[in-house]
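Here is the file my_file-v1.txt (compact mmCIF, C-alpha atoms and all ligand atoms).
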```txt
# COMPACT_ATOMS: atom_id res chain seq x y z
CA MET R 1 23.60 -11.18 -3.54
CA ALA R 2 22.05 -14.03 -5.51
CA GLU R 3 22.41 -11.98 -8.70
CA ASN R 4 26.02 -11.20 -7.88
CA GLN R 5 26.77 -14.87 -7.23
CA GLN R 6 25.11 -15.82 -10.47
CA LYS R 7 27.25 -13.26 -12.31
CA LEU R 8 30.39 -14.53 -10.60
CA ILE R 9 29.65 -18.14 -11.55
CA HIS R 10 28.95 -17.09 -15.11
CA THR R 11 32.16 -15.10 -15.29
CA PHE R 12 34.29 -17.88 -13.88
CA GLY R 13 32.80 -20.22 -16.40
CA ALA R 14 33.82 -17.79 -19.14
CA LEU R 15 37.28 -17.45 -17.62
CA ALA R 16 37.75 -21.21 -17.54
CA GLU R 17 36.68 -21.39 -21.17
CA LEU R 18 39.03 -18.57 -22.05
CA GLY R 19 41.94 -20.36 -20.35
CA HIS R 20 41.08 -23.46 -22.36
CA GLU R 21 40.97 -21.43 -25.57
CA VAL R 22 44.37 -19.92 -24.92
CA ALA R 23 45.91 -23.26 -24.04
CA HIS R 24 44.45 -25.39 -26.80
CA LYS R 25 43.63 -23.40 -29.90
CA GLN R 26 46.16 -24.13 -32.60
CA ASN R 27 44.92 -21.28 -34.71
CA PHE R 28 46.07 -18.06 -33.11
CA GLN R 29 43.61 -15.76 -34.90
CA GLU R 30 40.74 -18.04 -33.99
CA MET R 31 41.87 -18.13 -30.37
CA ILE R 32 41.89 -14.31 -30.17
CA ARG R 33 38.51 -14.03 -31.85
CA THR R 34 36.88 -16.55 -29.51
CA SER R 35 38.53 -14.97 -26.48
CA LEU R 36 37.23 -11.52 -27.41
CA HIS R 37 33.73 -12.89 -27.91
CA LEU R 38 33.85 -14.62 -24.55
CA LEU R 39 35.04 -11.46 -22.85
CA LEU R 40 32.37 -9.27 -24.44
CA GLY R 41 29.66 -11.87 -23.94
CA SER R 42 30.38 -12.64 -20.30
CA LEU R 43 29.95 -8.97 -19.25
CA ALA R 44 27.46 -7.97 -21.95
CA ILE R 45 29.78 -5.41 -23.51
CA MET R 46 28.56 -3.91 -26.79
CA ARG R 47 31.82 -3.79 -28.72
CA GLY R 48 35.53 -4.11 -28.43
CA GLY R 49 38.78 -5.18 -30.02
CA VAL R 50 42.09 -6.90 -29.31
CA ALA R 51 45.29 -5.43 -30.77
CA ARG R 52 48.77 -6.90 -30.83
CA TYR R 53 51.73 -4.67 -30.15
CA SER R 54 54.63 -4.56 -32.58
CA ARG R 55 57.88 -3.52 -30.94
CA PHE R 56 59.48 -2.74 -34.28
CA GLY R 57 56.74 -0.50 -35.63
CA HIS R 58 55.72 0.87 -32.20
CA GLU R 59 52.15 0.22 -33.18
CA LEU R 60 49.08 -1.68 -32.17
CA ASN R 61 47.60 -3.84 -34.90
CA MET R 62 44.04 -5.01 -34.51
CA LEU R 63 43.77 -8.79 -34.35
CA SER R 64 40.05 -9.07 -33.79
CA VAL R 65 37.22 -6.57 -33.48
CA ARG R 66 33.53 -6.77 -32.79
CA GLY R 67 31.08 -3.97 -33.44
CA LEU R 68 33.74 -1.35 -34.11
CA GLY R 69 32.81 -0.83 -37.76
CA GLU R 70 35.09 -0.29 -40.69
CA ASP R 71 36.15 3.25 -39.82
CA PHE R 72 37.92 2.25 -36.62
CA PRO R 73 41.71 2.35 -37.25
CA LEU R 74 43.29 -1.08 -37.79
CA SER R 75 46.70 0.16 -36.77
CA LEU R 76 47.39 2.66 -33.98
CA SER R 77 50.77 4.20 -33.21
CA LEU R 78 52.23 4.55 -29.76
CA CYS R 79 54.87 7.09 -28.79
CA TYR R 80 57.56 6.57 -26.19
CA GLU R 81 55.52 8.33 -23.47
CA ASP R 82 52.47 6.14 -24.14
CA GLU R 83 54.58 3.00 -23.83
CA ARG R 84 56.21 4.27 -20.64
CA GLN R 85 52.85 5.04 -19.05
CA PHE R 86 51.33 1.71 -20.13
CA LEU R 87 54.22 -0.13 -18.53
CA ILE R 88 53.77 1.81 -15.28
CA ASN R 89 50.03 1.17 -15.42
CA GLY R 90 50.57 -2.57 -15.96
CA LEU R 91 47.70 -4.86 -16.83
CA ASN R 92 44.95 -2.68 -15.36
CA ALA R 93 41.88 -1.16 -16.96
CA ILE R 94 42.26 2.50 -17.97
CA GLU R 95 39.17 4.74 -18.11
CA VAL R 96 39.57 6.41 -21.50
CA SER R 97 37.81 9.57 -20.28
CA GLN R 98 40.41 9.91 -17.50
CA ALA R 99 43.46 9.29 -19.66
CA LYS R 100 43.34 12.12 -22.17
CA VAL R 101 46.65 13.49 -20.96
CA LEU R 102 48.35 10.62 -22.81
CA PRO R 103 49.24 11.36 -26.48
CA PHE R 104 47.66 8.06 -27.56
CA PHE R 105 44.22 9.01 -26.24
CA GLN R 106 44.54 12.49 -27.74
CA VAL R 107 45.53 11.29 -31.21
CA TYR R 108 42.70 8.73 -31.44
CA ASP R 109 40.18 10.68 -29.36
CA SER R 110 37.59 11.06 -32.12
CA SER R 111 37.69 7.36 -33.08
CA PHE R 112 37.30 6.31 -29.46
CA GLU R 113 34.52 8.82 -28.90
CA LYS R 114 32.61 7.74 -31.99
CA LYS R 115 32.65 4.09 -30.91
CA ARG R 116 32.15 4.97 -27.25
CA ILE R 117 35.31 3.19 -26.15
CA GLU R 118 35.25 3.38 -22.37
CA LEU R 119 38.07 1.12 -21.26
CA ALA R 120 41.53 0.33 -22.54
CA VAL R 121 43.53 -2.53 -21.00
CA PRO R 122 47.24 -2.60 -21.89
CA LEU R 123 48.30 -6.24 -22.08
CA VAL R 124 51.49 -6.04 -20.05
CA ILE R 125 53.00 -9.48 -19.58
CA ARG R 126 56.32 -9.86 -17.76
CA ASP R 127 57.04 -6.13 -18.03
CA GLU R 128 56.43 -6.07 -21.76
CA ILE R 129 53.53 -4.64 -23.71
CA VAL R 130 52.15 -7.35 -25.97
CA GLY R 131 48.85 -5.71 -26.91
CA LEU R 132 45.83 -3.72 -25.87
CA ILE R 133 42.14 -4.44 -25.43
CA PHE R 134 39.54 -1.79 -26.25
CA LEU R 135 36.09 -2.06 -24.72
CA GLY R 136 32.96 -0.10 -25.56
CA GLU R 137 30.02 0.57 -23.21
CA LYS R 138 28.07 -2.09 -21.38
CA ALA R 139 24.70 -3.11 -22.85
CA ASN R 140 22.84 -1.85 -19.77
CA GLY R 141 24.49 1.57 -20.10
CA GLU R 142 25.91 1.41 -16.57
CA PRO R 143 29.50 2.36 -15.81
CA TYR R 144 32.05 -0.38 -15.25
CA THR R 145 32.31 -1.41 -11.59
CA SER R 146 35.56 -2.34 -9.92
CA ASP R 147 34.35 -5.99 -9.97
CA ASP R 148 33.83 -5.74 -13.72
CA LYS R 149 37.33 -4.39 -14.15
CA GLU R 150 38.82 -7.17 -12.09
CA ILE R 151 37.06 -9.77 -14.19
CA ILE R 152 38.13 -7.99 -17.38
CA CYS R 153 41.75 -7.90 -16.20
CA ALA R 154 41.73 -11.61 -15.33
CA MET R 155 40.45 -12.44 -18.81
CA ALA R 156 42.78 -9.92 -20.43
CA ARG R 157 45.72 -11.63 -18.74
CA HIS R 158 44.79 -14.91 -20.42
CA ILE R 159 44.62 -13.19 -23.80
CA GLY R 160 47.92 -11.39 -23.12
CA VAL R 161 49.64 -14.66 -22.22
CA GLY R 162 48.27 -16.17 -25.44
CA ILE R 163 49.80 -13.33 -27.47
CA ALA R 164 53.10 -13.50 -25.56
CA GLN R 165 53.26 -17.24 -26.22
CA ARG R 166 52.58 -16.66 -29.87
CA ASN R 167 55.37 -14.03 -30.01
CA LEU R 168 57.73 -16.49 -28.39
CA THR R 169 56.81 -19.25 -30.83
CA ALA R 170 57.25 -16.90 -33.78
CA GLU R 171 60.66 -15.84 -32.47
CA LEU R 172 61.62 -19.47 -31.96
CA GLU R 173 60.49 -20.38 -35.48
CA ARG R 174 62.49 -17.46 -36.88
CA ARG R 175 65.61 -18.67 -35.05
CA VAL R 176 65.10 -22.26 -36.15
CA GLU R 177 64.77 -21.04 -39.73
CA GLU R 178 67.87 -18.90 -39.38
CA ASN R 179 69.77 -21.84 -37.93
CA ARG R 180 68.61 -24.08 -40.74
CA ARG R 181 69.83 -21.56 -43.30
CA LEU R 182 73.19 -21.27 -41.56
CA TYR R 183 73.44 -25.05 -41.49
CA ASP R 184 72.60 -25.27 -45.20
CA ASP R 185 75.28 -22.69 -45.98
CA LEU R 186 77.78 -24.64 -43.94
CA ARG R 187 76.78 -27.87 -45.61
CA MET R 188 77.22 -26.32 -49.05
CA THR R 189 80.62 -24.96 -48.06
CA TYR R 190 81.65 -28.40 -46.80
CA LYS R 191 80.48 -30.07 -50.02
CA ASP R 192 82.22 -27.51 -52.21
CA THR R 193 85.43 -27.88 -50.22
CA VAL R 194 85.30 -31.67 -50.50
CA LYS R 195 84.73 -31.47 -54.26
CA ALA R 196 87.56 -28.99 -54.68
CA PHE R 197 89.76 -31.35 -52.70
CA ALA R 198 88.76 -34.33 -54.85
CA THR R 199 89.61 -32.37 -57.98
CA ALA R 200 92.97 -31.43 -56.48
CA ILE R 201 93.71 -35.13 -55.76
CA ASP R 202 92.77 -36.10 -59.30
CA ILE R 203 94.96 -33.45 -60.91
CA LYS R 204 98.04 -35.22 -59.55
CA ASP R 205 97.09 -38.44 -61.28
CA LYS R 206 96.93 -37.55 -64.98
CA TYR R 207 96.04 -41.08 -66.16
CA THR R 208 93.05 -41.46 -63.90
CA GLU R 209 91.68 -37.99 -64.30
CA GLY R 210 88.43 -37.52 -62.45
CA HIS R 211 88.88 -40.82 -60.53
CA SER R 212 88.01 -39.46 -57.05
CA VAL R 213 84.99 -37.59 -58.31
CA ARG R 214 83.71 -40.71 -60.09
CA VAL R 215 84.34 -42.92 -57.04
CA GLY R 216 82.31 -40.39 -55.04
CA LYS R 217 79.47 -40.68 -57.52
CA TYR R 218 79.53 -44.49 -57.67
CA SER R 219 79.54 -44.61 -53.85
CA GLU R 220 76.53 -42.30 -53.90
CA ILE R 221 74.73 -44.61 -56.35
CA ILE R 222 75.35 -47.64 -54.12
CA ALA R 223 74.21 -45.85 -50.94
CA ALA R 224 71.05 -44.61 -52.70
CA GLU R 225 70.29 -48.13 -53.97
CA LEU R 226 70.66 -49.42 -50.41
CA GLY R 227 67.85 -47.03 -49.43
CA TRP R 228 70.00 -44.83 -47.22
CA ASP R 229 68.74 -41.39 -46.24
CA GLU R 230 69.96 -38.17 -47.81
CA ASP R 231 72.67 -37.45 -45.22
CA GLN R 232 74.02 -40.98 -45.38
CA ILE R 233 74.13 -40.87 -49.18
CA GLU R 234 76.02 -37.61 -48.99
CA GLY R 235 78.38 -39.20 -46.47
CA ALA R 236 79.08 -42.07 -48.86
CA ALA R 237 79.78 -39.59 -51.66
CA VAL R 238 82.19 -37.62 -49.48
CA ALA R 239 83.98 -40.84 -48.45
CA GLY R 240 84.39 -41.64 -52.16
CA TYR R 241 85.60 -38.16 -53.07
CA LEU R 242 88.30 -38.28 -50.41
CA HIS R 243 89.31 -41.95 -50.39
CA ASP R 244 92.64 -41.37 -52.21
CA VAL R 245 93.58 -38.15 -50.44
CA GLY R 246 96.72 -39.93 -49.15
CA LYS R 247 98.03 -39.98 -52.72
CA ILE R 248 98.96 -36.31 -52.43
CA THR R 249 102.06 -37.46 -50.50
CA VAL R 250 103.03 -40.14 -53.04
CA GLU R 251 105.59 -39.12 -55.64
CA SER R 252 104.01 -38.05 -58.92
CA LYS R 253 106.30 -40.27 -60.99
CA ILE R 254 105.01 -43.38 -59.19
CA ILE R 255 101.38 -42.37 -59.61
CA ASN R 256 101.92 -41.49 -63.25
CA ALA R 257 104.29 -44.34 -64.16
CA PRO R 258 103.42 -45.39 -67.74
CA TYR R 259 104.30 -49.00 -66.88
CA ARG R 260 103.48 -51.54 -64.18
CA ILE R 261 105.26 -50.29 -61.06
CA ASN R 262 107.84 -52.43 -59.22
CA ALA R 263 107.66 -53.74 -55.64
CA ARG R 264 109.38 -50.73 -54.05
CA GLU R 265 107.10 -48.36 -55.88
CA HIS R 266 104.13 -50.49 -54.84
CA ALA R 267 105.12 -50.22 -51.19
CA GLU R 268 105.31 -46.44 -51.57
CA LEU R 269 101.92 -46.28 -53.30
CA ASN R 270 100.35 -48.61 -50.74
CA ARG R 271 101.03 -46.13 -47.99
CA HIS R 272 98.26 -43.88 -49.31
CA PRO R 273 95.33 -45.40 -47.31
CA GLY R 274 97.15 -44.92 -44.00
CA VAL R 275 98.31 -41.43 -44.94
CA GLY R 276 94.78 -40.53 -46.06
CA TYR R 277 93.44 -41.69 -42.71
CA GLU R 278 95.92 -39.47 -40.85
CA ILE R 279 95.00 -36.49 -43.02
CA LEU R 280 91.25 -36.95 -42.57
CA LEU R 281 91.17 -37.93 -38.91
CA PRO R 282 91.36 -34.42 -37.39
CA ILE R 283 88.50 -33.15 -39.58
CA ASN R 284 85.02 -33.26 -38.13
CA HIS R 285 83.04 -35.00 -40.89
CA PRO R 286 79.32 -34.54 -40.46
CA TYR R 287 77.89 -37.65 -42.10
CA ALA R 288 80.12 -40.69 -42.38
CA ASP R 289 83.30 -42.22 -41.12
CA VAL R 290 85.30 -40.72 -43.94
CA PRO R 291 88.76 -41.44 -42.41
CA LEU R 292 87.94 -45.17 -42.09
CA ALA R 293 86.78 -45.29 -45.70
CA ALA R 294 90.15 -43.88 -46.77
CA LYS R 295 92.08 -46.30 -44.56
CA TYR R 296 90.30 -49.49 -45.60
CA HIS R 297 89.24 -48.97 -49.21
CA HIS R 298 91.87 -51.50 -50.39
CA GLU R 299 90.81 -54.22 -47.97
CA ARG R 300 89.12 -57.36 -49.35
CA LEU R 301 86.52 -59.64 -47.76
CA ASP R 302 88.91 -62.62 -48.03
CA GLY R 303 91.59 -60.83 -46.00
CA ARG R 304 93.98 -60.44 -48.95
CA GLY R 305 93.73 -56.66 -49.08
CA TYR R 306 95.87 -54.00 -47.45
CA PRO R 307 96.97 -52.24 -45.26
CA ASP R 308 95.71 -54.53 -42.44
CA GLY R 309 94.42 -57.60 -44.27
CA LEU R 310 91.07 -57.33 -42.49
CA TYR R 311 88.35 -59.94 -43.04
CA ASP R 312 84.75 -59.28 -44.04
CA THR R 313 82.97 -58.16 -40.88
CA ASP R 314 86.04 -56.31 -39.58
CA ILE R 315 85.99 -53.98 -42.57
CA PRO R 316 83.90 -50.85 -41.99
CA TYR R 317 80.81 -50.88 -44.20
CA ILE R 318 81.55 -47.49 -45.73
CA ALA R 319 85.00 -48.78 -46.76
CA LYS R 320 83.35 -51.74 -48.52
CA ILE R 321 81.18 -49.34 -50.53
CA VAL R 322 84.13 -47.18 -51.51
CA ALA R 323 86.21 -50.29 -52.33
CA LEU R 324 83.61 -51.47 -54.83
CA ALA R 325 83.23 -48.00 -56.34
CA ASP R 326 87.01 -47.62 -56.52
CA SER R 327 87.61 -50.98 -58.24
CA PHE R 328 84.74 -50.43 -60.63
CA ASP R 329 86.23 -47.11 -61.71
CA ALA R 330 89.70 -48.63 -62.04
CA MET R 331 88.27 -51.43 -64.25
CA THR R 332 86.27 -49.06 -66.42
CA SER R 333 89.06 -46.51 -66.96
CA ASP R 334 91.83 -46.74 -69.53
CA ARG R 335 95.32 -47.02 -68.10
CA PRO R 336 98.60 -46.30 -69.93
CA TYR R 337 99.36 -50.02 -70.09
CA ARG R 338 95.84 -51.32 -70.80
CA LYS R 339 92.50 -50.33 -72.28
CA ARG R 340 89.29 -50.73 -70.34
CA ARG R 341 87.39 -53.94 -70.94
CA ALA R 342 83.81 -54.30 -72.17
CA ALA R 343 81.03 -53.55 -69.70
CA ASN R 344 79.66 -57.12 -69.63
CA GLU R 345 83.11 -58.53 -68.80
CA ILE R 346 83.36 -56.15 -65.91
CA VAL R 347 79.99 -57.23 -64.58
CA GLU R 348 81.26 -60.82 -64.81
CA ASP R 349 84.31 -59.77 -62.86
CA LEU R 350 82.21 -58.20 -60.12
CA GLN R 351 80.12 -61.36 -59.97
CA ARG R 352 83.19 -63.58 -59.72
CA ASN R 353 84.75 -61.49 -56.98
CA SER R 354 81.58 -61.09 -54.99
CA GLY R 355 82.20 -62.57 -51.54
CA LYS R 356 85.98 -62.61 -52.15
CA GLN R 357 86.89 -59.02 -52.84
CA PHE R 358 83.49 -57.29 -52.62
CA ALA R 359 80.50 -57.49 -50.30
CA PRO R 360 77.82 -59.47 -52.22
CA GLU R 361 74.92 -57.21 -51.18
CA LEU R 362 76.83 -54.21 -52.48
CA VAL R 363 77.54 -55.87 -55.83
CA THR R 364 73.83 -56.69 -56.00
CA ALA R 365 72.86 -53.09 -55.23
CA PHE R 366 75.34 -51.78 -57.79
CA CYS R 367 74.20 -54.15 -60.55
CA ARG R 368 70.55 -53.45 -59.73
CA ALA R 369 71.11 -49.69 -59.98
CA MET R 370 72.80 -50.15 -63.36
CA LEU R 371 70.03 -52.42 -64.62
CA LYS R 372 67.37 -49.92 -63.53
CA GLU R 373 69.10 -47.24 -65.55
CA LEU R 374 69.52 -49.41 -68.65
CA THR R 375 65.91 -50.61 -68.61
CA GLY R 376 64.68 -47.04 -68.18
CA GLU R 377 63.25 -47.64 -64.70
CA LYS R 378 65.56 -44.89 -63.49
CA LYS R 379 65.38 -41.67 -65.45
CA ASP R 380 68.59 -40.17 -64.11
CA LYS R 381 71.34 -41.50 -66.38
CA LYS R 382 74.17 -41.45 -63.86
CA PHE R 383 76.09 -44.43 -65.25
CA SER R 384 75.86 -43.14 -68.81
CA ARG R 385 77.19 -39.78 -67.75
CA LEU R 386 80.11 -41.37 -65.92
CA LEU R 387 80.97 -44.09 -68.44
CA GLY R 388 79.84 -42.58 -71.70
CA ARG R 389 76.58 -43.66 -73.38
CA ASP R 390 78.24 -45.87 -76.00
CA TYR R 391 80.05 -47.95 -73.44
CA LEU R 392 76.75 -49.22 -72.03
CA GLN R 393 75.19 -49.81 -75.46
CA ASN R 394 76.46 -53.36 -75.21
CA GLU R 395 73.71 -55.87 -76.02
CA GLU R 396 75.09 -58.43 -73.62
CA ILE R 397 75.03 -56.13 -70.64
CA ILE R 398 71.35 -56.39 -69.67
CA PRO R 399 71.23 -60.24 -69.71
CA GLN R 400 74.58 -60.23 -67.96
CA LEU R 401 73.26 -57.96 -65.19
CA LYS R 402 70.12 -60.07 -64.82
CA ASN R 403 72.21 -63.20 -64.63
CA ALA R 404 74.49 -61.57 -62.08
CA LEU R 405 71.53 -60.52 -59.94
CA ASN R 406 70.04 -64.03 -60.01
CA GLY R 407 73.33 -65.62 -59.10
CA LEU R 408 74.14 -63.05 -56.47
CA SER R 409 70.81 -63.26 -54.70
CA ALA R 410 71.47 -66.97 -54.17
CA THR R 411 74.83 -66.34 -52.53
CA SER R 412 74.31 -62.96 -50.93
CA SER R 413 73.57 -64.41 -47.51
CA LEU R 414 77.01 -66.07 -47.35
CA THR R 415 79.62 -64.30 -45.32
CA PHE R 416 83.29 -65.02 -45.49
CA VAL R 417 84.73 -66.82 -42.49
CA SER R 418 88.21 -66.00 -41.28
CA LEU R 419 90.68 -68.89 -41.56
CA ASP R 420 92.91 -67.96 -38.64
FE FE Q 501 93.28 -46.02 -53.31
FE FE Q 502 91.12 -44.92 -55.73
```

Write out the structure in this file as structure tokens.
Ligand SMILES: [Fe+2]
Ligand SMILES: [Fe+2]
Amino acid sequence: MAENQQKLIHTFGALAELGHEVAHKQNFQEMIRTSLHLLLGSLAIMRGGVARYSRFGHELNMLSVRGLGEDFPLSLSLCYEDERQFLINGLNAIEVSQAKVLPFFQVYDSSFEKKRIELAVPLVIRDEIVGLIFLGEKANGEPYTSDDKEIICAMARHIGVGIAQRNLTAELERRVEENRRLYDDLRMTYKDTVKAFATAIDIKDKYTEGHSVRVGKYSEIIAAELGWDEDQIEGAAVAGYLHDVGKITVESKIINAPYRINAREHAELNRHPGVGYEILLPINHPYADVPLAAKYHHERLDGRGYPDGLYDTDIPYIAKIVALADSFDAMTSDRPYRKRRAANEIVEDLQRNSGKQFAPELVTAFCRAMLKELTGEKKDKKFSRLLGRDYLQNEEIIPQLKNALNGLSATSSLTFVSLD
């Protein structure tokens, strides 16, 4: 009795440890190995192995073995009848000598005999086979008692649950990965569609060819300089690409007029932010408030913009970014009635209009990004690609940018106050 109690206490200790192993080991292989050692050690079993079942291959693959030697098969096939019988048997110990009617025990008979495999425990968890445990003879040479088998089954259940959990995690990881790939595909499709759209907008306006695409890129530069994350930067780029989408409803002859347009034509052209907003509103944009950027990209901090004459804090931030990018591109592009001015003059212009037309912190970010490129701090030559390398080879531009940044940092905390 005392010996039996001792054994029981020892076994429960092992079981508790096994439960802990299954629950806490991050490394699956290590968990299986430790569990097998605990199982063999607690009942003084000479040798054994744990195999994981693969539903796809209909096979058992050894995860961990002890004392089985190199000639024991690492992968064992199961036929339909074996699987059916294992499921009926459930998680109970099978005496190998009594089970030779099953194809599995016939096929691998010699391997089992050579290693004196006495018990096989199918790991059936929630009516699914997840693996199988093989056990050799006990060290004392005695047959397994029903108590032994009960203990073995309790421990086997822990191992089975560990494998089932692992299967579930692997399946979950696979689905997460699949989802991520689908999302990436979708994201690419969205980006490509937006770019195609921007190109289509630009085709209509032959004098400002590539305007939308450039505004997208300048907006991206500003957002990146502000330290935004990847999605937000992409959102700013998309807002830039699509800001003038409303122009597709404006007559071509107004857009392409080789002269300064009159008041009526201006009114027609000035409808484009509102129209753009209407076009973009029904689309579900993943990263930024793209419709608001289209609607308010001609607003100014001092309230003298259009269509609503909003003041500073009432203008959506994304619209302020696009507004700066838009004006910068307009200033640095040739028009039929005027040539673009020198880069340093444009920087002066930005400086002068900071706090009136443009948000000061955005002008700062923009000038800083340009300076970083010109001083070589930034290797990616985005401005040079957009403006042409020669345009920025202006010796006054670096001092001008530095001057602008000094001046701007002193005023950047000022915000415009509405007068009404
Ligand atoms: Fe516009
Ligand atoms: Fe524009």

Pick out the residues sitting within 9 Å of Tyr241 (chain R), and hand them over as a list in words; count all atoms listed in the file, and ignore anything fewer than 2 positions along from it in its own chain.
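Within the cut-off, the hits are Val194, Lys195, Phe197, Ala198, Thr199, His211, Ser212, Val213, Arg214, Val215, Gly216, Lys217, Ser219, Ala236, Ala237, Val238, Ala239, His243, Asp244 and Val245 of chain R.
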
With only C-alpha atoms and all ligand atoms counted, collect every polymer residue having an atom within 12 Å of ligand FE 502 (chain Q); state the result as a PyMOL selection string.
chain R and resi 198+201-202+205+208-216+218-219+239-247+255+269-270+272-273+276+293-298+319+322-331+333

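Closest approach to Phe366 (chain R) among R:Glu225, R:Asp308, R:Asp82, R:Glu70: R:Glu225, based on only C-alpha atoms.
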
Using all atoms listed in the file, pick whichever of R:Glu373, R:Asp289, R:Glu113, R:Glu177 has the shortest atom-to-atom distance to Ile318 (chain R).
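For Ile318 (chain R), the nearest of the given residues is R:Asp289.
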
Please return as JSON, numbers by chain every residue within 12 Å of (50.3, -16.4, -27.1), taking into account all atoms listed in the file and the file's own coordinates.
{"R": [19, 21, 22, 23, 24, 25, 26, 27, 28, 29, 30, 31, 32, 35, 52, 123, 125, 130, 131, 156, 157, 158, 159, 160, 161, 162, 163, 164, 165, 166, 167, 168, 169, 170, 171]}

Suppose we keep C-alpha atoms; can you now write the selection as a PDB file, in the coordinates of the input?
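In the end it all went to part09.pdb:
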```pdb
ATOM      1  CA  GLY R  19      41.940 -20.360 -20.350  1.00  0.00           C
ATOM      2  CA  GLU R  21      40.970 -21.430 -25.570  1.00  0.00           C
ATOM      3  CA  VAL R  22      44.370 -19.920 -24.920  1.00  0.00           C
ATOM      4  CA  ALA R  23      45.910 -23.260 -24.040  1.00  0.00           C
ATOM      5  CA  HIS R  24      44.450 -25.390 -26.800  1.00  0.00           C
ATOM      6  CA  LYS R  25      43.630 -23.400 -29.900  1.00  0.00           C
ATOM      7  CA  GLN R  26      46.160 -24.130 -32.600  1.00  0.00           C
ATOM      8  CA  ASN R  27      44.920 -21.280 -34.710  1.00  0.00           C
ATOM      9  CA  PHE R  28      46.070 -18.060 -33.110  1.00  0.00           C
ATOM     10  CA  GLN R  29      43.610 -15.760 -34.900  1.00  0.00           C
ATOM     11  CA  GLU R  30      40.740 -18.040 -33.990  1.00  0.00           C
ATOM     12  CA  MET R  31      41.870 -18.130 -30.370  1.00  0.00           C
ATOM     13  CA  ILE R  32      41.890 -14.310 -30.170  1.00  0.00           C
ATOM     14  CA  SER R  35      38.530 -14.970 -26.480  1.00  0.00           C
ATOM     15  CA  ARG R  52      48.770  -6.900 -30.830  1.00  0.00           C
ATOM     16  CA  LEU R 123      48.300  -6.240 -22.080  1.00  0.00           C
ATOM     17  CA  ILE R 125      53.000  -9.480 -19.580  1.00  0.00           C
ATOM     18  CA  VAL R 130      52.150  -7.350 -25.970  1.00  0.00           C
ATOM     19  CA  GLY R 131      48.850  -5.710 -26.910  1.00  0.00           C
ATOM     20  CA  ALA R 156      42.780  -9.920 -20.430  1.00  0.00           C
ATOM     21  CA  ARG R 157      45.720 -11.630 -18.740  1.00  0.00           C
ATOM     22  CA  HIS R 158      44.790 -14.910 -20.420  1.00  0.00           C
ATOM     23  CA  ILE R 159      44.620 -13.190 -23.800  1.00  0.00           C
ATOM     24  CA  GLY R 160      47.920 -11.390 -23.120  1.00  0.00           C
ATOM     25  CA  VAL R 161      49.640 -14.660 -22.220  1.00  0.00           C
ATOM     26  CA  GLY R 162      48.270 -16.170 -25.440  1.00  0.00           C
ATOM     27  CA  ILE R 163      49.800 -13.330 -27.470  1.00  0.00           C
ATOM     28  CA  ALA R 164      53.100 -13.500 -25.560  1.00  0.00           C
ATOM     29  CA  GLN R 165      53.260 -17.240 -26.220  1.00  0.00           C
ATOM     30  CA  ARG R 166      52.580 -16.660 -29.870  1.00  0.00           C
ATOM     31  CA  ASN R 167      55.370 -14.030 -30.010  1.00  0.00           C
ATOM     32  CA  LEU R 168      57.730 -16.490 -28.390  1.00  0.00           C
ATOM     33  CA  THR R 169      56.810 -19.250 -30.830  1.00  0.00           C
ATOM     34  CA  ALA R 170      57.250 -16.900 -33.780  1.00  0.00           C
ATOM     35  CA  GLU R 171      60.660 -15.840 -32.470  1.00  0.00           C
TER      36      GLU R 171
END
```

Pick the closest to Gly69 (chain R) from R:Phe112, R:Ser54, R:Leu186, R:Ala359: which is it, counting only C-alpha atoms?
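Counting only C-alpha atoms, the residue closest to Gly69 (chain R) is R:Phe112.
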
Of the listed residues R:Lys191, R:Arg368, R:Lys204, R:Lys402, that which approaches Gly235 (chain R) most closely, counting only C-alpha atoms:
R:Lys191

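When all atoms listed in the file are used to measure the gap to ligand FE 501 (chain Q), the shortest distance among R:Val275, R:Leu36, R:Leu374, R:Ile88 belongs to R:Val275.
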
Measuring between only C-alpha atoms, which one of R:Val290, R:Val124, R:Leu386, R:Ile94 shows the shortest distance to Glu150 (chain R)?
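When distances to Glu150 (chain R) are compared using only C-alpha atoms, the smallest one comes from R:Ile94.
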
Hey, could you patch up region 346-351 of chain R with N, CA and C atoms and hand it over as a short mmCIF file (atom, residue, chain, number, x, y, z; two decimals), in the coordinates of the input?
```cif
data_model
loop_
_atom_site.label_atom_id
_atom_site.label_comp_id
_atom_site.auth_asym_id
_atom_site.auth_seq_id
_atom_site.Cartn_x
_atom_site.Cartn_y
_atom_site.Cartn_z
N ILE R 346 83.16 -56.73 -67.24
CA ILE R 346 83.36 -56.15 -65.91
C ILE R 346 82.29 -56.61 -64.93
N VAL R 347 81.07 -56.71 -65.44
CA VAL R 347 79.99 -57.23 -64.58
C VAL R 347 80.32 -58.67 -64.16
N GLU R 348 80.85 -59.44 -65.11
CA GLU R 348 81.26 -60.82 -64.81
C GLU R 348 82.31 -60.83 -63.70
N ASP R 349 83.23 -59.90 -63.83
CA ASP R 349 84.31 -59.77 -62.86
C ASP R 349 83.77 -59.49 -61.46
N LEU R 350 82.81 -58.56 -61.41
CA LEU R 350 82.21 -58.20 -60.12
C LEU R 350 81.54 -59.43 -59.51
N GLN R 351 80.85 -60.17 -60.39
CA GLN R 351 80.12 -61.36 -59.97
C GLN R 351 81.10 -62.39 -59.39
#
```
